[in-house]
file final-v3.cif (mmCIF, C-alpha atoms)
data_my_file
#
loop_
_atom_site.label_atom_id
_atom_site.label_comp_id
_atom_site.auth_asym_id
_atom_site.auth_seq_id
_atom_site.Cartn_x
_atom_site.Cartn_y
_atom_site.Cartn_z
CA MET A 1 111.97 84.42 138.89
CA ASN A 2 108.30 84.69 137.81
CA PHE A 3 106.90 85.22 134.32
CA LEU A 4 106.33 88.96 134.88
CA GLN A 5 110.02 89.51 135.63
CA LEU A 6 111.01 87.48 132.58
CA HIS A 7 108.73 89.58 130.36
CA LEU A 8 110.14 92.79 131.84
CA ILE A 9 113.70 91.61 131.16
CA GLU A 10 112.76 90.70 127.59
CA LEU A 11 111.08 94.09 127.19
CA LYS A 12 114.24 95.79 128.48
CA TYR A 13 116.40 93.91 125.95
CA ASN A 14 114.00 94.84 123.15
CA PHE A 15 114.25 98.48 124.19
CA ILE A 16 118.06 98.26 124.15
CA VAL A 17 117.95 96.69 120.67
CA PHE A 18 115.64 99.50 119.52
CA ILE A 19 117.99 102.19 120.85
CA ILE A 20 120.99 100.53 119.21
CA SER A 21 119.08 100.24 115.92
CA PHE A 22 118.11 103.91 116.10
CA ILE A 23 121.70 105.01 116.77
CA PHE A 24 122.98 102.79 113.96
CA LEU A 25 120.42 104.19 111.51
CA PHE A 26 121.21 107.73 112.56
CA ILE A 27 124.95 107.24 112.05
CA ILE A 28 124.44 105.64 108.64
CA SER A 29 121.98 108.36 107.61
CA TYR A 30 124.32 111.12 108.67
CA PHE A 31 127.27 109.49 106.92
CA PHE A 32 125.28 109.42 103.67
CA SER A 33 123.43 112.69 104.32
CA ASP A 34 124.98 114.38 101.27
CA GLN A 35 123.63 111.63 99.05
CA LEU A 36 120.24 111.89 100.76
CA ILE A 37 120.17 115.64 100.15
CA TYR A 38 120.97 115.09 96.49
CA ILE A 39 118.19 112.50 96.16
CA CYS A 40 115.71 115.01 97.58
CA ILE A 41 116.72 117.76 95.15
CA GLN A 42 117.64 115.61 92.15
CA ILE A 43 114.58 116.51 90.11
CA LEU A 44 115.30 120.22 90.62
CA VAL A 45 118.82 119.75 89.32
CA GLU A 46 117.76 117.65 86.34
CA THR A 47 115.16 120.18 85.21
CA ASN A 48 117.75 123.00 85.42
CA LEU A 49 115.24 124.94 87.44
CA LEU A 50 117.62 125.42 90.32
CA GLU A 51 121.39 125.44 90.04
CA TYR A 52 122.35 125.87 93.67
CA PHE A 53 121.21 126.54 97.23
CA ILE A 54 122.76 129.09 99.51
CA PHE A 55 123.22 129.10 103.27
CA THR A 56 123.41 132.20 105.44
CA ASN A 57 124.62 130.62 108.65
CA ILE A 58 127.80 128.65 109.13
CA THR A 59 125.91 125.94 111.06
CA GLU A 60 122.98 125.75 108.63
CA LEU A 61 124.32 122.90 106.50
CA PHE A 62 125.31 120.93 109.58
CA PHE A 63 121.86 121.22 111.17
CA THR A 64 120.17 120.42 107.86
CA ARG A 65 122.12 117.17 107.60
CA LEU A 66 121.53 116.46 111.27
CA LEU A 67 117.78 117.02 111.09
CA LEU A 68 117.42 115.02 107.87
CA SER A 69 119.28 112.09 109.45
CA LEU A 70 117.22 112.33 112.61
CA ILE A 71 113.86 112.36 110.82
CA LEU A 72 114.79 109.46 108.56
CA SER A 73 116.11 107.46 111.53
CA VAL A 74 112.91 108.04 113.51
CA PHE A 75 110.77 107.10 110.50
CA LEU A 76 112.61 103.79 110.01
CA SER A 77 112.99 103.05 113.73
CA VAL A 78 109.24 103.27 114.29
CA GLN A 79 108.79 100.43 111.80
CA ILE A 80 111.43 98.38 113.64
CA LEU A 81 109.57 99.10 116.89
CA ILE A 82 106.33 97.78 115.39
CA LEU A 83 108.09 94.56 114.39
CA GLN A 84 109.63 94.22 117.86
CA LEU A 85 106.24 94.68 119.54
CA TRP A 86 104.75 91.97 117.34
CA ILE A 87 107.59 89.58 118.22
CA PHE A 88 107.18 90.40 121.92
CA PHE A 89 103.42 89.79 121.96
CA SER A 90 103.33 87.00 119.33
CA SER A 91 103.51 84.21 121.93
CA GLY A 92 100.19 85.41 123.36
CA PHE A 93 98.32 85.12 120.06
CA PHE A 94 96.98 82.18 118.13
CA LYS A 95 98.76 81.09 114.96
CA TYR A 96 96.14 82.55 112.61
CA GLU A 97 96.21 85.83 114.55
CA ASN A 98 99.99 86.04 114.15
CA VAL A 99 99.62 85.41 110.41
CA VAL A 100 97.09 88.24 110.11
CA LEU A 101 99.24 90.59 112.19
CA LEU A 102 102.36 89.76 110.18
CA LYS A 103 100.53 90.42 106.91
CA ASN A 104 99.33 93.78 108.23
CA ILE A 105 102.86 94.67 109.38
CA ILE A 106 104.20 93.87 105.91
CA TYR A 107 101.48 96.07 104.41
CA ILE A 108 102.44 98.88 106.80
CA PHE A 109 106.13 98.56 105.87
CA PHE A 110 105.36 98.59 102.17
CA PHE A 111 102.90 101.46 102.50
CA ASN A 112 105.25 103.63 104.59
CA ASN A 113 108.30 103.18 102.39
CA PHE A 114 106.34 103.56 99.17
CA LEU A 115 104.77 106.72 100.59
CA LEU A 116 108.20 108.02 101.59
CA PHE A 117 109.46 107.55 98.04
CA LEU A 118 106.31 108.95 96.43
CA VAL A 119 106.05 112.10 98.52
CA ILE A 120 109.72 112.99 99.00
CA ILE A 121 111.03 112.09 95.54
CA LYS A 122 108.03 112.78 93.32
CA ILE A 123 105.32 114.97 94.81
CA ILE A 124 107.15 117.59 96.89
CA PRO A 125 109.86 118.51 94.30
CA ASN A 126 107.16 118.91 91.65
CA LEU A 127 105.14 120.99 94.10
CA TRP A 128 108.20 123.19 94.62
CA ILE A 129 108.55 123.53 90.84
CA PHE A 130 104.89 124.50 90.59
CA PHE A 131 105.28 127.25 93.19
CA MET A 132 108.41 128.58 91.50
CA LYS A 133 106.77 128.73 88.08
CA THR A 134 103.63 130.43 89.38
CA SER A 135 105.59 132.86 91.55
CA PHE A 136 107.86 134.06 88.76
CA SER A 137 105.36 134.45 85.94
CA ASN A 138 106.09 138.20 85.56
CA GLU A 139 109.70 137.83 84.53
CA PHE A 140 109.20 139.95 81.41
CA LEU A 141 107.86 142.89 83.42
CA PHE A 142 110.57 143.00 86.05
CA ASN A 143 113.42 140.85 87.30
CA ILE A 144 113.15 138.75 90.42
CA TYR A 145 116.00 136.51 91.51
CA PHE A 146 115.35 133.61 93.78
CA GLU A 147 118.20 132.24 95.86
CA PRO A 148 116.69 129.70 98.26
CA THR A 149 118.51 128.51 101.32
CA LEU A 150 118.92 124.82 101.82
CA ILE A 151 117.24 124.84 105.20
CA ASN A 152 114.18 126.61 103.74
CA TYR A 153 113.73 123.92 101.15
CA PHE A 154 114.00 121.14 103.69
CA SER A 155 111.65 122.94 106.08
CA PHE A 156 109.19 123.06 103.19
CA LEU A 157 109.91 119.39 102.53
CA TYR A 158 109.33 118.31 106.16
CA SER A 159 106.09 120.24 106.61
CA SER A 160 104.72 119.11 103.23
CA PHE A 161 105.66 115.50 103.89
CA LEU A 162 103.82 115.59 107.22
CA LEU A 163 100.67 116.95 105.58
CA PHE A 164 100.77 114.48 102.69
CA TYR A 165 101.56 111.60 105.03
CA LEU A 166 98.58 112.42 107.27
CA PHE A 167 96.42 112.77 104.17
CA PHE A 168 97.40 109.36 102.77
CA ILE A 169 97.07 107.76 106.23
CA TYR A 170 93.58 109.20 106.44
CA LEU A 171 92.68 107.80 103.03
CA PHE A 172 94.15 104.44 103.98
CA PHE A 173 92.07 104.14 107.15
CA PHE A 174 89.08 105.59 105.39
CA PHE A 175 89.04 102.86 102.74
CA PHE A 176 90.05 100.25 105.32
CA ILE A 177 86.93 101.10 107.32
CA PHE A 178 84.89 100.85 104.14
CA LEU A 179 86.36 97.49 103.15
CA LYS A 180 85.91 96.00 106.62
CA GLN A 181 82.36 97.39 106.77
CA PHE A 182 82.67 98.85 110.26
CA PHE A 183 79.81 101.15 109.31
CA LYS A 184 76.67 100.23 107.44
CA ILE A 185 76.31 101.70 103.99
CA LYS A 186 73.16 103.55 105.07
CA THR A 187 75.12 105.30 107.82
CA ILE A 188 77.83 106.32 105.35
CA ILE A 189 75.25 107.70 102.91
CA PHE A 190 73.51 109.54 105.74
CA LEU A 191 76.83 111.18 106.75
CA ARG A 192 77.66 112.06 103.14
CA LYS A 193 77.65 115.84 103.77
CA PHE A 194 80.01 115.35 106.70
CA PHE A 195 82.46 113.49 104.45
CA TYR A 196 82.18 116.21 101.79
CA LEU A 197 83.14 118.83 104.38
CA LYS A 198 86.12 116.75 105.49
CA PHE A 199 87.26 116.38 101.88
CA LEU A 200 87.08 120.15 101.43
CA ILE A 201 89.17 120.73 104.58
CA ILE A 202 91.77 118.17 103.46
CA ALA A 203 91.98 119.72 99.98
CA THR A 204 92.42 123.17 101.52
CA ILE A 205 95.29 121.96 103.71
CA ILE A 206 97.29 120.02 101.15
CA SER A 207 96.64 121.97 97.95
CA PRO A 208 98.47 125.08 96.78
CA PRO A 209 96.83 128.44 97.59
CA ASP A 210 94.69 128.26 94.52
CA VAL A 211 90.92 127.81 94.58
CA LEU A 212 90.95 125.86 91.33
CA TYR A 213 93.31 123.19 92.72
CA GLN A 214 91.27 122.97 95.93
CA ILE A 215 88.12 122.38 93.91
CA ILE A 216 89.84 119.74 91.73
CA ILE A 217 91.18 117.80 94.73
CA THR A 218 87.83 118.06 96.55
CA PHE A 219 85.89 116.73 93.58
CA PHE A 220 88.44 113.97 93.08
CA LEU A 221 87.96 112.78 96.67
CA ILE A 222 84.19 113.06 96.34
CA PHE A 223 84.40 111.07 93.09
CA LEU A 224 86.31 108.25 94.83
CA PHE A 225 83.80 108.33 97.67
CA GLU A 226 80.81 108.06 95.34
CA ILE A 227 82.49 105.37 93.23
CA TYR A 228 82.93 103.23 96.32
CA ILE A 229 79.28 103.64 97.32
CA PHE A 230 78.15 102.79 93.79
CA ILE A 231 80.36 99.67 93.59
CA TYR A 232 79.29 98.53 97.04
CA LEU A 233 75.58 98.92 96.25
CA PHE A 234 76.06 97.25 92.86
CA LEU A 235 77.77 94.20 94.39
CA SER A 236 75.25 94.06 97.22
CA SER A 237 72.38 93.85 94.72
CA PHE A 238 73.91 90.68 93.25
CA LYS A 239 74.38 89.14 96.70
CA ASN A 240 70.74 89.74 97.57
CA LYS A 241 69.67 87.91 94.43
#

call {"tool": "encode", "arguments": {"input": "final-v3.cif", "output": "structure tokens"}}
result
Amino acid sequence: MNFLQLHLIELKYNFIVFIISFIFLFIISYFFSDQLIYICIQILVETNLLEYFIFTNITELFFTRLLLSLILSVFLSVQILILQLWIFFSSGFFKYENVVLLKNIIYIFFFNNFLLFLVIIKIIPNLWIFFMKTSFSNEFLFNIYFEPTLINYFSFLYSSFLLFYLFFIYLFFFFFIFLKQFFKIKTIIFLRKFFYLKFLIIATIISPPDVLYQIIITFFLIFLFEIYIFIYLFLSSFKNK
């Protein structure tokens, strides 16, 4: 048996371990799906802004729990897959390369799970509260009763999480490129208008349908961008001396 066959067998076993891990995570997630649902809506309950959700289809609650378990299992399984790939390819790297890769994997794990907590538990419920307060500002003129379905809230949660996740991933790679200096500072300054346009597009996608919030987010991103350029030029002036 040659080395290629041995690697293929090892790869097959890693794939089997990944599938078993995914199934195990899915079963555990579904078993605790009620607790997961409560965690996602806890801030709404604590603020007394929403007392209950309704469902209009007999299978709606089941599919909500199923989809929540599936998404969480995929999110966690991808991180396990990254670790398995590193273990599989680690024998082909030097020791210092494995140390660097392991550090980056730990950063990715920390970043992903912190982002999951930040967006799902903090940002999206407060965004939901914001929309509810702005939508029902005319309560003294006429009565409007809002009875949201559970699946609508979680559809809002999934789509918002995807947008915020892509946004934070973009920021992460954006500052990573800056820190590693893949582009010269002159090139970044020359493309400044291009970055401004990208910031405006990002703010339009992730912000509520309010021009004021879009402007605030855009200027915040531009501020971070300009701060980096200023700090980089300031530190470079000392190095040249």

call {"tool": "closest_residue", "arguments": {"input": "final-v3.cif", "among": "A:Phe117, A:Phe220, A:Tyr38, A:Tyr228", "to": "Leu200 in chain A", "atoms": "all atoms listed in the file"}}
result
A:Phe220

call {"tool": "closest_residue", "arguments": {"input": "final-v3.cif", "among": "A:Tyr196, A:Phe89, A:Phe130, A:Phe225", "to": "Asn14 in chain A", "atoms": "all atoms listed in the file"}}
result
A:Phe89

call {"tool": "residues_around", "arguments": {"input": "final-v3.cif", "residues": "Leu36 in chain A", "least_positions_apart": "5", "cutoff": "12 Å", "atoms": "all atoms listed in the file", "output": "list in words"}}
result
Ile28, Ser29, Tyr30, Phe31, Ile41, Gln42, Thr64, Arg65, Leu66, Leu67, Leu68, Ser69, Ile71, Leu72, Phe117, Ile120, Ile121 and Phe154 of chain A

call {"tool": "residues_around", "arguments": {"input": "final-v3.cif", "residues": "Lys103 in chain A", "least_positions_apart": "6", "cutoff": "12 Å", "atoms": "only C-alpha atoms", "output": "MDAnalysis selection string"}}
result
chainID A and resid 83 86 96:97 109:110

call {"tool": "closest_residue", "arguments": {"input": "final-v3.cif", "among": "A:Ile169, A:Ile129, A:Ala203, A:Val74", "to": "Phe111 in chain A", "atoms": "all atoms listed in the file"}}
result
A:Ile169
